[in-house]
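This report refers to the structure that appears directly beneath it.
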Amino acid sequence: MRTPTYALLWEIWRRNRTVVAVIAAVTVAGRILDASERASGSVDPSALVGISWMVSFGLLFGIFNYIESSDGRGLGRFPERLFVLPVSSLRLVAIPVLTGIASVELLYLLWLDPLSRGASTSAWFVGLLLGASMVCYQAVFWTLERLGPLRLIVVGVLVFSAFGVGLLPSFPPSPPPPWRSEAGVAAMAVALAGIVFLFEWRYIERLRTGSGRRLPRESLLGSAAIAWPRARRPFSSPAAAQFWFEWRCSGLALPVLVGGVLLAVIAPYSWFARDAAAWSFQLLYGTLAMPIILAIPVGMAFGRPTFWSDDLSMPAFVAVRPLTDEDIVAIKLKVAAVSVVVSWVLVLVFLGVWLSLWGNLDGVSQFAIQLWAFHGHSAAAVYGIAALIVIAGMLLTWRFLVIRLWSGLSGNRPLFIASVMALVIVVIAWMVFDGTRLPGWVLEGPARMAAVVWILAIAVITKYWLAAFSWRSVSVRYARQYLLVWGAATTCLLAFALSLWGVAKIYVALDIYRFQGLMILFALLVIPVARLGFAPSCLARNRHRLT
């Protein structure tokens with residue numbers, strides 16, 4: 001190679017030629033589809049065009065995470081083999097950073113027409129935010145390696161934050177103050193990107209010289225928990241010791257993420273939107289949905305034998321514990337429950353502070369008054385519906401935390417990947433076919449609603465038949481305990497479904513009694529039964545590989 005810089009650029013190209021070709025193909029296909037839609041009279045880009053640009057940008061960012069794994073598993077880290085090259089640490093860091101910025105700006109130019117059509121922000125402002133996001137994205141993967149797979153969740157929070165920062169100039173009042181204008185936000189984004197670049201440069205330099213000794217790849221929360229106050233008395237039982245171990249390793253993840261999003265994302269947005277009732281009402285929805293959404297990726301890690309590792313085999317440290325497979329699964333279920341309760345307590349405390357101090361209650365008050373009037377001017381009914389909303393949110397959060405225990409504890413990587421990809425396929429199908437129109441499409445046609453009711457009824461019958469099969473080998477003690485939990489949770493969801501049925505009668509004209517059956521069937525499907533019954537036997541096969 002002519003120069004070290006040329007060699008580094010060539011390596012990036014050589015390792016990602018296929019991905020670059022896919023990005024080019026998706027971009028060309030998306031632009032052709034967008035041009036044909038515009039020729040047919042469509043104004044806004046379709047969902048398929050939106051998926052095309054999201055896929056192209058996602059693949060491009062994936063190229064420039066610039067990490068590799070020594071054993072071929074896991075997300076990896078900044079390539080240590082490059083430390084022996086005769087180049088400065090500044091150049092090692094600057095080349096992937098600057099190349100990533102240039103590439104994302106070029107791709108944005110190629111997608112500029114569909115992305116800027118009807119946008120409320122300037123093209124230069126969006127391009128600058130993309131460049132700053134690339135710098136922060138690389139810093140997450142290079143400097144937070146001890147988070148392991150949880151770095152993907154941090155990236156998700158980063159994407160959400162970048163989207164919110166792009167909306168800051170559009171918040172009321174209009175025109176915004178200078179610090180919240182596009183120029184002001186752009187200046188802060190550039191300054192932040194510069195600081196992050198200096199930090200990651202110094203971090204890589206310290207690793208290269210050995211002064212920043214790379215610590216073992218363990219849980220960041222586990223390392224921080226070393227300083228946590230610990231009980232000096234021995235544990236009362238092996239189950240108590242395992243609960244403490246699981247809580248330190250995996251139970252803290254969701255509460256920490258929820259608290260971080262509340263402080264770093266939702267709290268600033270709630271302050272900026274304090275004068276807009278519509279924004280406040282939407283932010284309230286988002287705050288209530290946030291633990292449920294975060295539980296989906298966290299549950300993918302929680303369902304594995306080791307939260308912070310991509311290896312699905314059972315660690316010997318856990319496999320030799322004096323606990324049965326049923327004990328280990330039951331402890332993970334309890335840890336998930338405590339994690340959900342702590343997360344929702346944080347959410348409720350934040351909502352209490354926000355709505356009582358600076359929140360705009362116009363939209364919430366209007367909705368509460370309508371419920372109050374419909375339920376015979378009963379304040380208890382309104383408070384009861386609010387409580388059911390919180391309980392339903394907690395149950396959904398718990399469901400997404402534990403739903404993959406059976407596939408993750410099995411140690412079968414294809415099975416676990418298939419369970420994850422099923423969710424990905426559902427999300428993509430929802431976006432392609434505009435899933436927001438699906439409920440209306442089903443409810444508007446009595447025949448369609450009847451067909452959906454029959455499909456859900458068959459799903460309920462299949463679910464409980466599999467549950468009876470899967471729980472037949474589980475001890476009576478655990479089966480009885482979980483049956484009580486399932487009964488209480490399902491009863492709450494049924495009450496919530498009936499309350500939704502009552503609310504729907506206010507706003508929607510439809511076959512209300514068939515809709516009631518639809519909601520009841522959905523409530524019966526939410527709490528997992530069969531998959532949790534299979535979890536102990538799946539864990540047994542994984543655990544006994546070591547013997």
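Every chain in the structure tokens has a letter given in the order shown (A, B, ...), and although residue numbers restart at 1 in each chain, ligands are simply numbered from 1 in the order shown.
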Could you give me, as a compact mmCIF listing (two decimals) with N, CA, C and O atoms, in the first residue's frame, the residues within 9 Å of A:Phe57, counting only C-alpha atoms and dropping anything in the same chain fewer than 3 positions from it?
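Wrote it out as out05.txt, contents follow:
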# COMPACT_ATOMS: atom_id res chain seq x y z
N ILE A 23 -26.17 -1.84 0.15
CA ILE A 23 -26.64 -0.47 0.40
C ILE A 23 -26.94 0.24 -0.91
O ILE A 23 -27.98 0.90 -1.06
N SER A 52 -36.70 1.15 3.09
CA SER A 52 -35.49 1.11 2.26
C SER A 52 -34.43 2.06 2.80
O SER A 52 -33.26 1.68 2.94
N TRP A 53 -34.83 3.30 3.13
CA TRP A 53 -33.79 4.21 3.62
C TRP A 53 -33.34 3.84 5.02
O TRP A 53 -32.17 4.03 5.37
N MET A 54 -34.23 3.29 5.84
CA MET A 54 -33.80 2.86 7.17
C MET A 54 -32.82 1.70 7.08
O MET A 54 -31.83 1.65 7.83
N LEU A 60 -25.17 1.05 6.79
CA LEU A 60 -24.01 1.94 6.74
C LEU A 60 -23.43 2.18 8.13
O LEU A 60 -22.20 2.12 8.33
N PHE A 61 -24.28 2.44 9.10
CA PHE A 61 -23.78 2.60 10.46
C PHE A 61 -23.13 1.30 10.96
O PHE A 61 -22.15 1.34 11.71
N GLY A 62 -23.68 0.15 10.54
CA GLY A 62 -23.08 -1.12 10.93
C GLY A 62 -21.67 -1.29 10.41
O GLY A 62 -20.82 -1.93 11.05
N VAL A 104 -21.96 8.79 5.58
CA VAL A 104 -23.36 9.02 5.96
C VAL A 104 -23.89 10.30 5.30
O VAL A 104 -25.08 10.37 4.94
N LEU A 107 -24.70 9.32 1.68
CA LEU A 107 -25.95 8.56 1.60
C LEU A 107 -27.15 9.47 1.84
O LEU A 107 -28.21 9.30 1.20
N TYR A 108 -27.00 10.43 2.73
CA TYR A 108 -28.11 11.37 2.97
C TYR A 108 -28.40 12.20 1.71
O TYR A 108 -29.57 12.48 1.40
- Task: Mind checking which residues fall within 7 Å of stretch 363-375 of chain A, counting only C-alpha atoms, ignoring those fewer than 4 positions away in the same chain, and posting them as a ChimeraX atom specification?
- Result: /A:277-278,281,379,381-382
- Can you list, as JSON, numbers by chain, all residues belonging to stretch 386-530 of chain A that DSSP tags as alpha helix (DSSP H)? {"A": [386, 387, 388, 389, 390, 391, 392, 393, 394, 395, 396, 397, 398, 399, 400, 401, 402, 405, 406, 407, 408, 413, 414, 415, 416, 417, 418, 419, 420, 421, 422, 423, 424, 425, 426, 427, 428, 429, 430, 431, 432, 438, 439, 440, 441, 442, 443, 444, 446, 447, 448, 449, 450, 451, 452, 453, 454, 455, 456, 457, 458, 459, 460, 461, 462, 463, 464, 465, 466, 467, 468, 469, 470, 476, 477, 478, 479, 480, 481, 482, 483, 484, 485, 486, 487, 488, 489, 490, 491, 492, 493, 494, 495, 496, 497, 498, 499, 500, 501, 502, 503, 504, 505, 506, 507, 512, 513, 514, 515, 516, 517, 518, 519, 520, 521, 522, 523, 524, 525, 526, 530]}
- Task: Find, counting only C-alpha atoms, the residue in A:Ala187, A:Leu355, A:Met394, A:Ile455 that gets nearest to A:Leu128.
- Result: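 For A:Leu128, the nearest of the given residues is A:Ala187.
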- Task: Can you work out which one of A:Leu525, A:Leu198, A:Leu405, A:Leu284 has the shortest atom-to-atom distance to A:Ile458, counting only C-alpha atoms?
- Result: A:Leu525
- Item | Atom pair atom CA of A:Val474 / atom CA of A:Phe400: separation (Å) |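 That distance, rounded to one decimal, is 22.3 Å.
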- Return the single residue from A:Asp113, A:Glu444, A:Asp311, A:Asp327 that is closest to A:Asn542, with distances computed using only C-alpha atoms. A:Asp311
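For stretch 461-465 of chain A, the set of protein, DNA and RNA residues having any atom at most 12 Å away, when counting only C-alpha atoms and skipping those fewer than 5 positions along the same chain, is Trp454, Ile455, Leu456, Ser470, Trp471, Arg472, Leu521, Leu524, Leu525, Val526, Ile527, Pro528, Val529, Ala530, Arg531, Leu532 and Gly533 of chain A.
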Would you output that residue set with N, CA, C and O atoms, as an mmCIF file, in the first residue's frame?
data_model
loop_
_atom_site.group_PDB
_atom_site.id
_atom_site.type_symbol
_atom_site.label_atom_id
_atom_site.label_comp_id
_atom_site.auth_asym_id
_atom_site.auth_seq_id
_atom_site.Cartn_x
_atom_site.Cartn_y
_atom_site.Cartn_z
ATOM 1 N N TRP A 454 -62.174 -15.945 15.565
ATOM 2 C CA TRP A 454 -61.978 -17.392 15.466
ATOM 3 C C TRP A 454 -60.490 -17.753 15.509
ATOM 4 O O TRP A 454 -60.099 -18.737 16.144
ATOM 5 N N ILE A 455 -59.666 -16.948 14.850
ATOM 6 C CA ILE A 455 -58.213 -17.211 14.870
ATOM 7 C C ILE A 455 -57.672 -17.089 16.292
ATOM 8 O O ILE A 455 -56.885 -17.934 16.758
ATOM 9 N N LEU A 456 -58.094 -16.049 16.996
ATOM 10 C CA LEU A 456 -57.634 -15.881 18.379
ATOM 11 C C LEU A 456 -58.161 -16.988 19.276
ATOM 12 O O LEU A 456 -57.454 -17.440 20.196
ATOM 13 N N SER A 470 -46.710 -28.901 28.654
ATOM 14 C CA SER A 470 -45.396 -28.470 29.129
ATOM 15 C C SER A 470 -45.276 -28.496 30.644
ATOM 16 O O SER A 470 -44.192 -28.757 31.180
ATOM 17 N N TRP A 471 -46.378 -28.266 31.366
ATOM 18 C CA TRP A 471 -46.313 -28.205 32.819
ATOM 19 C C TRP A 471 -46.507 -29.563 33.494
ATOM 20 O O TRP A 471 -46.459 -29.659 34.722
ATOM 21 N N ARG A 472 -46.705 -30.615 32.708
ATOM 22 C CA ARG A 472 -46.951 -31.926 33.319
ATOM 23 C C ARG A 472 -45.712 -32.478 34.021
ATOM 24 O O ARG A 472 -45.833 -33.307 34.932
ATOM 25 N N LEU A 521 -60.136 -12.324 24.371
ATOM 26 C CA LEU A 521 -59.194 -13.312 23.836
ATOM 27 C C LEU A 521 -57.765 -12.781 23.859
ATOM 28 O O LEU A 521 -56.814 -13.526 24.166
ATOM 29 N N LEU A 524 -56.395 -13.157 27.303
ATOM 30 C CA LEU A 524 -56.037 -14.533 27.644
ATOM 31 C C LEU A 524 -54.718 -14.963 27.016
ATOM 32 O O LEU A 524 -54.111 -15.955 27.459
ATOM 33 N N LEU A 525 -54.268 -14.244 25.983
ATOM 34 C CA LEU A 525 -53.043 -14.622 25.288
ATOM 35 C C LEU A 525 -51.804 -13.907 25.809
ATOM 36 O O LEU A 525 -50.683 -14.278 25.446
ATOM 37 N N VAL A 526 -51.961 -12.883 26.634
ATOM 38 C CA VAL A 526 -50.820 -12.036 26.994
ATOM 39 C C VAL A 526 -49.842 -12.749 27.904
ATOM 40 O O VAL A 526 -48.637 -12.829 27.631
ATOM 41 N N ILE A 527 -50.304 -13.280 29.030
ATOM 42 C CA ILE A 527 -49.410 -13.876 30.022
ATOM 43 C C ILE A 527 -48.916 -15.227 29.511
ATOM 44 O O ILE A 527 -49.724 -16.115 29.227
ATOM 45 N N PRO A 528 -47.604 -15.423 29.396
ATOM 46 C CA PRO A 528 -47.085 -16.697 28.865
ATOM 47 C C PRO A 528 -47.304 -17.838 29.847
ATOM 48 O O PRO A 528 -47.161 -17.681 31.058
ATOM 49 N N VAL A 529 -47.650 -18.989 29.313
ATOM 50 C CA VAL A 529 -47.858 -20.180 30.138
ATOM 51 C C VAL A 529 -47.049 -21.347 29.576
ATOM 52 O O VAL A 529 -46.196 -21.915 30.252
ATOM 53 N N ALA A 530 -47.315 -21.698 28.314
ATOM 54 C CA ALA A 530 -46.674 -22.879 27.734
ATOM 55 C C ALA A 530 -45.167 -22.703 27.630
ATOM 56 O O ALA A 530 -44.397 -23.606 27.971
ATOM 57 N N ARG A 531 -44.713 -21.548 27.174
ATOM 58 C CA ARG A 531 -43.276 -21.357 26.981
ATOM 59 C C ARG A 531 -42.519 -21.387 28.307
ATOM 60 O O ARG A 531 -41.393 -21.883 28.371
ATOM 61 N N LEU A 532 -43.110 -20.849 29.362
ATOM 62 C CA LEU A 532 -42.459 -20.928 30.666
ATOM 63 C C LEU A 532 -42.482 -22.354 31.215
ATOM 64 O O LEU A 532 -41.594 -22.746 31.978
ATOM 65 N N GLY A 533 -43.469 -23.126 30.828
ATOM 66 C CA GLY A 533 -43.484 -24.526 31.233
ATOM 67 C C GLY A 533 -42.387 -25.339 30.567
ATOM 68 O O GLY A 533 -41.862 -26.297 31.147
#
